[in-house]
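Asks: Contents of work_18.txt (compact mmCIF, C-alpha atoms) are below:
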```txt
# COMPACT_ATOMS: atom_id res chain seq x y z
CA MET A 8 128.04 68.13 83.64
CA ASN A 9 124.36 67.91 82.84
CA LEU A 10 122.50 68.44 86.06
CA ARG A 11 119.11 67.57 84.60
CA ARG A 12 120.19 64.05 83.80
CA ASN A 13 121.86 63.49 87.12
CA PRO A 14 119.24 63.29 89.89
CA ASP A 15 121.82 62.25 92.51
CA LEU A 16 123.91 65.34 91.84
CA GLN A 17 120.76 67.51 91.82
CA ASP A 18 119.84 66.15 95.21
CA ARG A 19 123.32 66.69 96.66
CA LEU A 20 123.63 70.24 95.37
CA ALA A 21 120.10 71.11 96.53
CA ALA A 22 120.93 69.80 100.01
CA GLU A 23 124.12 71.89 100.21
CA TYR A 24 122.33 74.92 98.77
CA VAL A 25 119.72 74.75 101.53
CA LEU A 26 122.30 73.96 104.22
CA GLY A 27 124.31 76.95 103.01
CA THR A 28 127.60 75.23 102.20
CA LEU A 29 127.12 75.78 98.45
CA ARG A 30 128.88 79.13 98.03
CA GLY A 31 130.38 81.56 95.59
CA PRO A 32 129.97 81.02 91.85
CA ALA A 33 128.47 77.56 92.43
CA ARG A 34 125.65 79.10 94.47
CA LEU A 35 124.96 81.68 91.75
CA ARG A 36 124.96 79.01 89.03
CA PHE A 37 122.63 76.88 91.09
CA GLN A 38 120.21 79.79 91.61
CA ARG A 39 120.17 80.36 87.86
CA LEU A 40 119.43 76.70 87.20
CA MET A 41 116.60 76.83 89.75
CA LEU A 42 114.95 79.67 87.84
CA GLU A 43 115.00 77.57 84.68
CA ASP A 44 114.10 74.17 86.09
CA ALA A 45 110.86 73.43 87.94
CA GLY A 46 112.07 69.92 88.81
CA LEU A 47 115.13 71.30 90.54
CA ARG A 48 112.98 73.77 92.48
CA GLY A 49 110.93 70.82 93.72
CA VAL A 50 114.12 69.13 94.96
CA VAL A 51 115.09 72.34 96.77
CA ASP A 52 111.59 72.64 98.29
CA ALA A 53 111.94 69.12 99.67
CA TRP A 54 115.32 69.92 101.23
CA GLN A 55 113.96 73.13 102.73
CA ALA A 56 111.17 71.13 104.34
CA ARG A 57 113.77 68.70 105.73
CA LEU A 58 116.44 71.08 107.02
CA VAL A 59 114.90 74.48 107.74
CA PRO A 60 112.95 73.21 110.81
CA ILE A 61 116.41 72.99 112.45
CA ALA A 62 116.03 76.77 112.85
CA ALA A 63 113.29 76.11 115.42
CA ALA A 64 116.05 75.73 118.02
CA VAL A 65 117.50 79.21 117.46
CA ALA A 66 116.84 81.41 120.47
CA PRO A 67 114.47 84.25 119.52
CA VAL A 68 115.89 87.77 119.87
CA GLN A 69 113.58 90.77 119.91
CA PRO A 70 114.71 93.13 117.15
CA PRO A 71 114.95 96.85 118.04
CA LYS A 72 111.85 98.96 117.39
CA ARG A 73 113.53 100.82 114.55
CA VAL A 74 113.51 97.66 112.41
CA TRP A 75 109.73 97.60 112.18
CA GLU A 76 109.63 101.38 111.72
CA ASN A 77 112.00 101.06 108.77
CA ILE A 78 110.06 98.16 107.28
CA ARG A 79 106.83 100.13 107.60
CA ALA A 80 108.43 103.16 105.97
CA ARG A 81 109.78 101.04 103.14
CA THR A 82 106.49 99.26 102.44
CA ASP A 83 104.24 102.25 103.04
CA GLY A 84 106.08 105.04 101.29
CA PRO A 85 107.03 105.60 97.68
CA ALA A 86 109.43 102.65 97.70
CA GLY A 87 106.70 100.29 98.84
CA LYS A 88 104.42 101.51 96.10
CA ALA A 89 107.21 101.27 93.59
CA ALA A 90 107.94 97.75 94.77
CA ARG A 91 104.35 96.71 94.25
CA SER A 92 103.11 98.61 91.31
CA GLY A 93 105.88 99.73 89.08
CA GLY A 94 109.54 100.49 88.86
CA LEU A 95 111.94 97.77 89.62
CA TRP A 96 109.53 95.02 90.51
CA ASP A 97 107.49 95.36 87.34
CA SER A 98 110.61 95.45 85.28
CA LEU A 99 111.73 92.24 86.92
CA SER A 100 108.54 90.51 85.87
CA PHE A 101 110.65 88.67 83.32
CA TRP A 102 111.38 86.22 86.08
CA ARG A 103 107.72 85.37 86.21
CA ASN A 104 107.67 85.07 82.46
CA LEU A 105 110.18 82.26 82.50
CA GLY A 106 107.26 79.91 82.99
CA LEU A 107 107.74 79.72 86.71
CA ILE A 108 105.14 77.81 88.60
CA ALA A 109 104.47 78.62 92.22
CA SER A 110 107.22 77.06 94.25
CA GLY A 111 108.32 77.76 97.77
CA ALA A 112 111.92 77.64 96.62
CA THR A 113 111.34 80.06 93.76
CA ALA A 114 109.40 82.51 95.86
CA ALA A 115 112.08 82.37 98.54
CA LEU A 116 114.76 82.77 95.89
CA LEU A 117 113.06 85.74 94.25
CA ALA A 118 112.35 87.29 97.60
CA SER A 119 115.97 86.90 98.53
CA VAL A 120 117.64 88.21 95.40
CA VAL A 121 115.48 91.16 94.50
CA LEU A 122 116.50 94.38 96.20
CA PHE A 123 114.54 97.57 95.95
CA SER A 124 115.63 101.09 95.29
CA PRO A 125 116.04 103.27 98.37
CA ALA A 126 112.96 105.17 99.49
CA ALA A 127 114.15 108.59 98.37
CA PRO A 128 116.36 108.73 95.29
CA ARG A 129 119.27 111.01 95.98
CA PRO A 130 119.56 114.16 93.90
CA ALA A 131 122.04 113.39 91.17
CA PRO A 132 125.23 115.46 91.40
CA ALA A 133 125.02 116.04 87.68
CA PRO A 134 127.35 119.05 87.35
CA GLN A 135 130.27 117.06 88.77
CA ILE A 136 129.72 114.13 86.44
CA VAL A 137 129.19 115.81 83.11
CA ARG A 138 132.17 118.03 82.66
CA VAL A 139 130.83 120.99 80.73
CA PRO A 140 130.43 124.61 81.74
CA ALA A 141 127.70 124.78 84.35
CA ASP A 142 125.58 127.20 82.34
CA GLU A 143 125.20 124.84 79.39
CA LEU A 144 124.44 121.41 80.80
CA PRO A 145 123.66 119.10 77.87
CA ALA A 146 120.53 116.98 77.56
CA ALA A 147 121.68 113.82 79.33
CA TYR A 148 120.71 110.76 81.33
CA VAL A 149 122.03 110.56 84.88
CA ALA A 150 121.78 107.84 87.50
CA VAL A 151 123.42 107.51 90.87
CA LEU A 152 123.39 103.92 92.09
CA THR A 153 123.32 103.36 95.83
CA ASP A 154 124.01 100.51 98.16
CA PRO A 155 120.69 99.77 99.91
CA LYS A 156 122.59 98.69 103.02
CA SER A 157 124.58 101.87 103.64
CA GLN A 158 122.36 104.14 101.48
CA LYS A 159 125.66 105.49 100.14
CA PRO A 160 126.19 106.26 96.46
CA VAL A 161 128.58 103.77 94.85
CA LEU A 162 128.41 104.50 91.12
CA ALA A 163 127.45 107.46 88.92
CA VAL A 164 126.35 106.77 85.35
CA SER A 165 125.72 109.45 82.76
CA ALA A 166 125.34 109.80 79.01
CA ALA A 167 124.47 112.65 76.69
CA ARG A 168 121.23 111.88 74.79
CA ASN A 169 122.84 111.34 71.44
CA SER A 170 126.11 109.85 72.69
CA THR A 171 126.95 106.19 72.11
CA GLN A 172 128.99 106.05 75.30
CA LEU A 173 128.06 105.81 78.95
CA ILE A 174 130.40 107.48 81.41
CA VAL A 175 130.71 105.36 84.53
CA LYS A 176 132.34 106.79 87.63
CA ARG A 177 133.05 104.67 90.65
CA LEU A 178 132.26 106.54 93.87
CA ASP A 179 133.20 103.75 96.24
CA ALA A 180 136.41 101.78 95.67
CA GLY A 181 135.08 98.91 97.80
CA ILE A 182 132.63 97.66 95.19
CA VAL A 183 135.14 95.73 93.09
CA VAL A 184 134.82 91.97 93.62
CA PRO A 185 137.64 89.57 92.75
CA GLU A 186 136.74 86.95 90.11
CA LYS A 187 133.32 88.54 89.51
CA SER A 188 131.91 91.07 87.15
CA LEU A 189 129.53 93.89 87.97
CA GLU A 190 126.99 94.14 85.15
CA LEU A 191 124.94 97.26 84.57
CA TRP A 192 121.27 96.93 83.53
CA ALA A 193 118.61 99.32 82.28
CA LEU A 194 115.25 98.46 83.82
CA PRO A 195 112.27 99.70 81.79
CA PRO A 196 108.92 99.26 83.58
CA GLY A 197 107.12 96.13 82.44
CA LYS A 198 110.01 94.92 80.29
CA ALA A 199 112.99 92.65 80.79
CA PRO A 200 116.24 94.23 81.99
CA ARG A 201 118.62 95.21 79.19
CA SER A 202 122.34 94.79 79.69
CA LEU A 203 124.36 97.95 79.27
CA GLY A 204 127.63 96.12 79.73
CA VAL A 205 130.10 95.17 82.39
CA VAL A 206 131.49 97.90 84.61
CA ALA A 207 135.28 98.00 84.52
CA THR A 208 137.47 98.27 87.58
CA GLN A 209 139.05 101.65 86.91
CA GLU A 210 137.69 104.71 88.66
CA LYS A 211 136.23 106.36 85.58
CA HIS A 212 135.66 104.89 82.17
CA ALA A 213 133.37 104.80 79.14
CA VAL A 214 131.13 101.89 78.19
CA ASN A 215 130.28 101.64 74.50
CA LEU A 216 126.58 101.32 73.75
CA LYS A 217 125.12 99.54 70.72
CA GLY A 218 123.27 102.69 69.71
CA ALA A 219 122.56 106.15 71.05
CA ALA A 220 121.83 106.67 74.73
CA ASP A 221 118.26 107.64 73.80
CA ALA A 222 117.68 104.08 72.57
CA ALA A 223 119.50 102.42 75.47
CA LEU A 224 118.08 104.53 78.29
CA GLY A 225 115.00 106.34 76.95
CA ASP A 226 112.47 104.02 78.58
CA ALA A 227 114.53 103.02 81.65
CA THR A 228 113.40 104.32 85.03
CA VAL A 229 115.97 102.46 87.08
CA LEU A 230 119.55 101.27 86.54
CA ALA A 231 120.85 98.31 88.51
CA ILE A 232 124.09 96.42 89.04
CA SER A 233 124.04 92.66 89.41
CA LEU A 234 126.87 90.38 90.48
CA GLU A 235 127.78 88.10 87.57
CA PRO A 236 130.39 85.55 86.51
CA PRO A 237 133.55 87.07 84.97
CA GLY A 238 132.66 88.77 81.70
CA GLY A 239 129.01 89.20 82.56
CA SER A 240 125.80 87.20 82.57
CA PRO A 241 126.01 84.19 80.26
CA THR A 242 122.23 84.22 79.69
CA GLY A 243 121.53 87.82 78.74
CA ALA A 244 119.43 88.26 81.89
CA PRO A 245 120.68 88.99 85.41
CA THR A 246 121.74 85.78 87.13
CA GLY A 247 123.26 87.06 90.37
CA PRO A 248 121.90 89.21 93.17
CA VAL A 249 121.08 92.85 92.46
CA LEU A 250 123.63 94.80 94.49
CA TYR A 251 122.96 98.45 93.68
CA THR A 252 120.14 100.42 92.12
CA GLY A 253 119.32 104.00 91.33
CA ALA A 254 116.68 106.04 89.52
CA CYS A 255 117.61 106.90 85.93
CA VAL A 256 116.58 110.48 85.19
CA LYS A 257 116.53 112.74 82.17
CA ILE A 258 117.99 116.08 83.15
CA TRP A 259 116.58 118.09 80.31
CA MET B 9 88.50 89.55 108.30
CA THR B 10 91.92 89.44 109.90
CA ALA B 11 93.64 86.16 110.66
CA SER B 12 94.75 85.32 114.19
CA PRO B 13 98.45 85.71 115.07
CA ASP B 14 98.89 81.93 115.23
CA ASP B 15 97.51 81.46 111.74
CA LEU B 16 100.62 82.23 109.73
CA PRO B 17 99.24 80.97 106.38
CA GLY B 18 96.16 83.16 106.96
CA LEU B 19 98.35 86.17 107.75
CA LEU B 20 100.43 85.64 104.60
CA THR B 21 97.27 85.34 102.49
CA ALA B 22 96.04 88.59 104.05
CA CYS B 23 99.41 90.24 103.25
CA ALA B 24 98.94 89.23 99.62
CA ARG B 25 95.69 91.26 99.74
CA HIS B 26 97.76 94.23 101.05
CA ASP B 27 96.33 93.93 104.58
CA ARG B 28 98.78 96.05 106.56
CA ARG B 29 97.46 94.98 109.96
CA ALA B 30 98.06 91.36 109.07
CA PHE B 31 101.60 92.27 108.00
CA GLU B 32 102.28 93.87 111.37
CA GLN B 33 100.85 90.83 113.18
CA LEU B 34 103.00 88.56 111.03
CA TYR B 35 106.04 90.67 111.92
CA ARG B 36 105.28 90.59 115.65
CA ALA B 37 104.74 86.82 115.57
CA THR B 38 107.80 85.87 113.53
CA SER B 39 110.50 88.55 113.72
CA PRO B 40 112.18 87.48 117.01
CA LYS B 41 112.83 84.00 115.60
CA LEU B 42 114.01 85.31 112.23
CA PHE B 43 116.20 87.97 113.89
CA GLY B 44 117.76 85.19 115.96
CA VAL B 45 118.46 83.20 112.78
CA ALA B 46 120.08 86.20 111.07
CA LEU B 47 122.16 87.10 114.13
CA ARG B 48 123.59 83.59 114.39
CA ILE B 49 124.74 83.68 110.77
CA LEU B 50 125.85 87.32 110.44
CA LYS B 51 127.11 87.85 114.01
CA ARG B 52 126.59 91.61 113.74
CA GLU B 53 123.44 93.31 114.91
CA ASP B 54 123.52 96.09 112.33
CA TRP B 55 123.80 93.59 109.46
CA ALA B 56 121.10 91.36 110.94
CA GLU B 57 118.78 94.36 111.28
CA GLU B 58 119.36 95.32 107.65
CA VAL B 59 118.79 91.76 106.40
CA LEU B 60 115.63 91.48 108.49
CA GLN B 61 114.30 94.70 106.98
CA GLU B 62 115.04 93.55 103.45
CA ALA B 63 113.51 90.16 104.16
CA TYR B 64 110.22 91.57 105.47
CA VAL B 65 109.96 94.06 102.61
CA SER B 66 110.34 91.04 100.30
CA ILE B 67 107.85 88.97 102.29
CA TRP B 68 105.31 91.80 101.94
CA THR B 69 105.99 92.10 98.23
CA HIS B 70 106.04 88.38 97.51
CA ALA B 71 103.32 87.19 99.89
CA GLY B 72 101.19 86.48 96.81
CA GLY B 73 103.84 84.03 95.60
CA TYR B 74 103.75 82.04 98.79
CA ALA B 75 102.09 78.68 98.15
CA SER B 76 100.87 77.17 101.38
CA GLY B 77 100.63 73.67 99.95
CA LEU B 78 104.33 73.63 99.15
CA SER B 79 105.97 74.85 102.31
CA ALA B 80 105.18 75.84 105.87
CA PRO B 81 105.16 79.62 106.43
CA MET B 82 108.11 79.56 108.82
CA THR B 83 110.08 77.37 106.41
CA TRP B 84 109.39 79.81 103.59
CA MET B 85 110.22 82.93 105.61
CA THR B 86 113.27 81.38 107.29
CA SER B 87 114.59 80.38 103.84
CA ILE B 88 114.24 83.98 102.66
CA VAL B 89 116.19 85.24 105.67
CA ARG B 90 118.89 82.56 105.41
CA ASN B 91 119.34 83.10 101.65
CA ARG B 92 119.69 86.82 102.23
CA CYS B 93 122.23 86.26 105.01
CA LEU B 94 124.32 84.03 102.75
CA ASP B 95 124.11 86.55 99.91
CA TRP B 96 125.03 89.29 102.36
CA LEU B 97 128.19 87.45 103.41
CA ARG B 98 129.19 87.31 99.74
CA ARG B 99 128.80 91.02 99.14
CA PRO B 100 131.87 93.20 98.79
CA ARG B 101 132.80 94.96 101.99
CA MET B 102 135.77 96.22 103.92
CA GLU B 103 134.48 95.26 107.33
CA GLN B 104 134.66 91.81 108.84
CA SER B 105 131.97 89.83 110.52
CA ASP B 106 132.79 89.31 114.18
CA PRO B 107 136.45 90.36 113.76
CA ASP B 108 137.55 89.27 117.23
CA GLY B 109 135.76 85.96 116.99
CA GLU B 110 133.87 86.66 120.20
CA ILE B 111 130.48 85.59 118.94
CA ALA B 112 131.92 82.56 117.17
CA ASP B 113 133.73 81.49 120.33
CA ALA B 114 130.63 81.95 122.42
CA THR B 115 128.39 79.98 120.11
CA ALA B 116 130.68 77.36 118.61
CA SER B 117 131.08 75.23 121.69
CA ASP B 118 127.40 75.00 122.53
CA PHE B 119 126.28 73.25 119.37
CA GLU B 120 124.73 70.44 121.41
CA GLY B 121 122.55 73.05 123.15
CA PRO B 122 120.28 73.79 120.19
CA LEU B 123 119.74 70.07 119.63
CA ALA B 124 118.28 69.63 123.09
CA LEU B 125 115.94 72.54 122.34
CA LEU B 126 115.06 71.03 119.00
CA GLU B 127 113.92 67.78 120.58
CA ARG B 128 111.37 69.67 122.64
CA SER B 129 109.98 71.51 119.61
CA SER B 130 106.94 69.77 118.14
CA ASP B 131 107.72 71.02 114.61
CA ALA B 132 111.24 69.71 114.63
CA SER B 133 111.25 66.53 116.69
CA ALA B 134 111.77 64.33 113.61
CA ILE B 135 114.82 66.24 112.40
CA ALA B 136 116.13 66.36 115.99
CA ALA B 137 115.90 62.59 116.33
CA CYS B 138 117.58 62.09 112.95
CA LEU B 139 120.39 64.54 113.80
CA LYS B 140 120.94 62.64 117.00
CA GLY B 141 121.36 59.45 115.00
CA LEU B 142 124.25 60.88 112.95
CA GLU B 143 127.87 60.27 113.77
CA PRO B 144 129.07 63.11 116.04
CA ARG B 145 131.33 64.72 113.42
CA GLN B 146 128.60 64.61 110.75
CA ARG B 147 126.18 66.20 113.20
CA GLN B 148 128.67 68.85 114.26
CA THR B 149 129.49 69.97 110.71
CA ILE B 150 125.82 70.11 109.65
CA VAL B 151 124.70 71.97 112.75
CA LEU B 152 127.59 74.48 112.50
CA ALA B 153 126.96 75.05 108.80
CA PHE B 154 123.24 75.58 109.38
CA TYR B 155 123.32 77.78 112.45
CA GLU B 156 126.51 79.73 111.86
CA GLY B 157 126.41 79.91 108.05
CA LEU B 158 129.92 78.44 107.78
CA SER B 159 131.23 77.38 104.36
CA HIS B 160 133.20 74.16 103.82
CA SER B 161 136.51 75.97 104.18
CA GLU B 162 135.35 77.84 107.28
CA LEU B 163 134.21 74.55 108.78
CA ALA B 164 137.59 72.99 107.98
CA ALA B 165 139.45 75.91 109.58
CA HIS B 166 137.18 75.94 112.61
CA LEU B 167 137.43 72.20 113.23
CA ARG B 168 141.11 72.04 112.18
CA GLU B 169 140.36 69.19 109.80
CA PRO B 170 141.21 68.77 106.10
CA LEU B 171 138.70 70.32 103.68
CA GLY B 172 138.02 66.98 101.95
CA THR B 173 137.22 65.29 105.25
CA VAL B 174 134.77 68.02 106.22
CA LYS B 175 133.07 67.87 102.82
CA THR B 176 132.63 64.13 103.22
CA TRP B 177 131.09 64.52 106.69
CA VAL B 178 128.62 67.07 105.35
CA ARG B 179 127.69 65.00 102.30
CA ARG B 180 127.28 61.72 104.19
CA GLY B 181 125.45 63.42 107.03
CA LEU B 182 122.93 64.99 104.64
CA ALA B 183 122.35 61.67 102.87
CA ARG B 184 121.76 59.91 106.18
CA LEU B 185 119.38 62.65 107.33
CA LYS B 186 117.34 62.23 104.17
CA GLY B 187 117.08 58.49 104.65
CA CYS B 188 116.21 58.87 108.33
CA LEU B 189 113.49 61.49 107.69
CA ALA B 190 111.96 59.34 104.93
CA THR B 191 111.62 56.49 107.44
CA ALA B 192 110.27 58.77 110.15
CA ALA B 193 107.57 60.23 107.88
```
Can you present the structure in this file as structure tokens?
Replies:
Amino acid sequence: MNLRRNPDLQDRLAAEYVLGTLRGPARLRFQRLMLEDAGLRGVVDAWQARLVPIAAAVAPVQPPKRVWENIRARTDGPAGKAARSGGLWDSLSFWRNLGLIASGATAALLASVVLFSPAAPRPAPAPQIVRVPADELPAAYVAVLTDPKSQKPVLAVSAARNSTQLIVKRLDAGIVVPEKSLELWALPPGKAPRSLGVVATQEKHAVNLKGAADAALGDATVLAISLEPPGGSPTGAPTGPVLYTGACVKIW
Amino acid sequence: MTASPDDLPGLLTACARHDRRAFEQLYRATSPKLFGVALRILKREDWAEEVLQEAYVSIWTHAGGYASGLSAPMTWMTSIVRNRCLDWLRRPRMEQSDPDGEIADATASDFEGPLALLERSSDASAIAACLKGLEPRQRQTIVLAFYEGLSHSELAAHLREPLGTVKTWVRRGLARLKGCLATAA
């Protein structure tokens, strides 16, 4: 099915994407196609202009005060600065490098899929993850990925500097998604995300790296998990929403 | 110079220049509507609050990417909130949205209500007239999908109709809306 050569299908899928009835893997595939195809984004923009005014009839509800307080804290504090001037956002600049022109649909898409790291990275419980005597902790990389919704840790990732394996420990059994893969990415500031592999479903396992952890993680400041089709991203770049993130720290 | 609260494009432009006062004005002017949109889809206040927070953090961060020539500010911001709600519903979780169906029951039957409101809204009178011109079942599926964030299978279950039938109503309804809006423009 070649979407580019089928304007009728493009139009139908764009309409259902904006309406919200395009779901699951089809929605993810469509979002990926939008990032690659300016024409398709134009079709989506047109459908947004048609359908989104329907929202005018929704009764307004005053959100509680704490919502603005949280937004202010998240845009004012370290996370806000990180979002603007470094960290995750800069490392996601690859999206802008795909030759994207300004498009309402793209901006709305980017704004809706990019999540930011929590304001205060949690201290990594390193001694529990790296099982060595506490008085001789090895030089290692450690990251604890959290769910921005609950602020709870969901995944601990660690690797000794010279090891070619990442140790991944699941801290929350609820993160496994049927018929989807969770893909782990290293996010170096100013560079495209690098895949570290797909996280398996068992509670604790090793992921083989292509080289030493120093090469895979040395320049990464953040690790992130994105939701991908089974087996991982088919493009080599994240295609689904970023679900969890955490600072990647060197503990030596 | 700070834009007036009614000047949403001006406020977004000011946000792109990191004008925090403009951001607060934008929030005050738009958050009740966007919170209403999120609540209708997510049906849980805590989730809607979280989505609203994420959405405004994104709006602040991406205000520079907003292109006023391409979409109206409310269309752009509402799309961000709706996309986030739909992504949220896809995320892994143990809990259920509206487990007892109370919110769904309370809102499902009044789908004609929003349409009457829509007709009185100057921004949306064209879409309101075109929705009115649809066959009742086409209108019902489109309005339920839009306001409540229901998928095809949820629509089919809710309306107790076969999935294929519901898909056809949605598809034909959308095609007719497009034709109607093109004539109205």
Asks: Go ahead and compute the interatomic distance for CA of Gln148 (chain B) and CA of Arg34 (chain A), in Å to one decimal.
Replies: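 The value is 22.5 Å.
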Asks: Which residue is closest to Ala22 (chain A)? Choose from A:Ala56, A:Ala180, A:Cys255, A:Ala199 and count all atoms listed in the file.
Replies: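 Of all the options, A:Ala56 lies closest to Ala22 (chain A).
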Asks: Name the closest residue to Arg184 (chain B) among the candidates A:Val151, A:Thr82, A:Ala64, A:Arg57; distances are taken between atoms, counting only C-alpha atoms.
Replies: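 Nearest to Arg184 (chain B): A:Arg57.
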Asks: Within 9 Å of Val214 (chain A), counting all atoms listed in the file, which residues show up once you throw out same-chain ones fewer than 2 positions away? Write them as number ranges by chain, please.
Replies: A: 171-175, 203-207, 212, 216
Asks: Between CA of Val65 (chain B) and CA of Ala254 (chain A), measure the distance and give it in Å to one decimal.
Replies: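 Answer for the CA of Val65 (chain B) to CA of Ala254 (chain A) separation: 19.0 Å.
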Asks: Extract, using only C-alpha atoms, all DNA, RNA and protein residues at most 8 Å from Pro245 (chain A), discarding same-chain residues fewer than 3 positions from it, and format them as a list in words.
Replies: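 Here the answer would be Pro200, Ser233, Glu235, Ser240, Thr242 and Pro248 of chain A.
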Asks: List as a ChimeraX atom specification the protein and nucleic acid residues near Trp55 (chain B), meaning an atom at most 9 Å away when all atoms listed in the file are counted, but skip any in the same chain fewer than 5 places from it.
Replies: /A:156 /B:46-47,50,60,93,96
Asks: Taking all atoms listed in the file into account, which of A:Ser202, A:Ser165, A:Thr246, A:Gln209 comes nearest Arg39 (chain A)?
Replies: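 Nearest to Arg39 (chain A): A:Thr246.
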Asks: One number please: CA of Asp179 (chain A) to CA of Val161 (chain A), in Å, one decimal.
Replies: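 Pair CA of Asp179 (chain A) / CA of Val161 (chain A) returns 4.8 Å.
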Asks: Kindly write C-alpha atoms of region 192-208 of chain A from the structure just given to a file, as a compact mmCIF listing (two decimals), in the first residue's frame.
Replies:
```
# COMPACT_ATOMS: atom_id res chain seq x y z
CA TRP A 192 17.45 4.98 23.37
CA ALA A 193 20.55 6.90 24.36
CA LEU A 194 20.00 10.63 23.89
CA PRO A 195 23.22 12.61 23.46
CA PRO A 196 22.69 16.40 23.48
CA GLY A 197 22.53 17.81 19.96
CA LYS A 198 22.63 14.40 18.30
CA ALA A 199 20.07 11.90 17.08
CA PRO A 200 18.89 9.23 19.53
CA ARG A 201 20.82 5.96 19.32
CA SER A 202 18.98 2.70 19.78
CA LEU A 203 20.31 0.51 22.57
CA GLY A 204 17.92 -2.28 21.74
CA VAL A 205 14.52 -3.58 22.66
CA VAL A 206 13.75 -4.20 26.31
CA ALA A 207 12.63 -7.77 26.94
CA THR A 208 9.65 -8.72 29.04
```
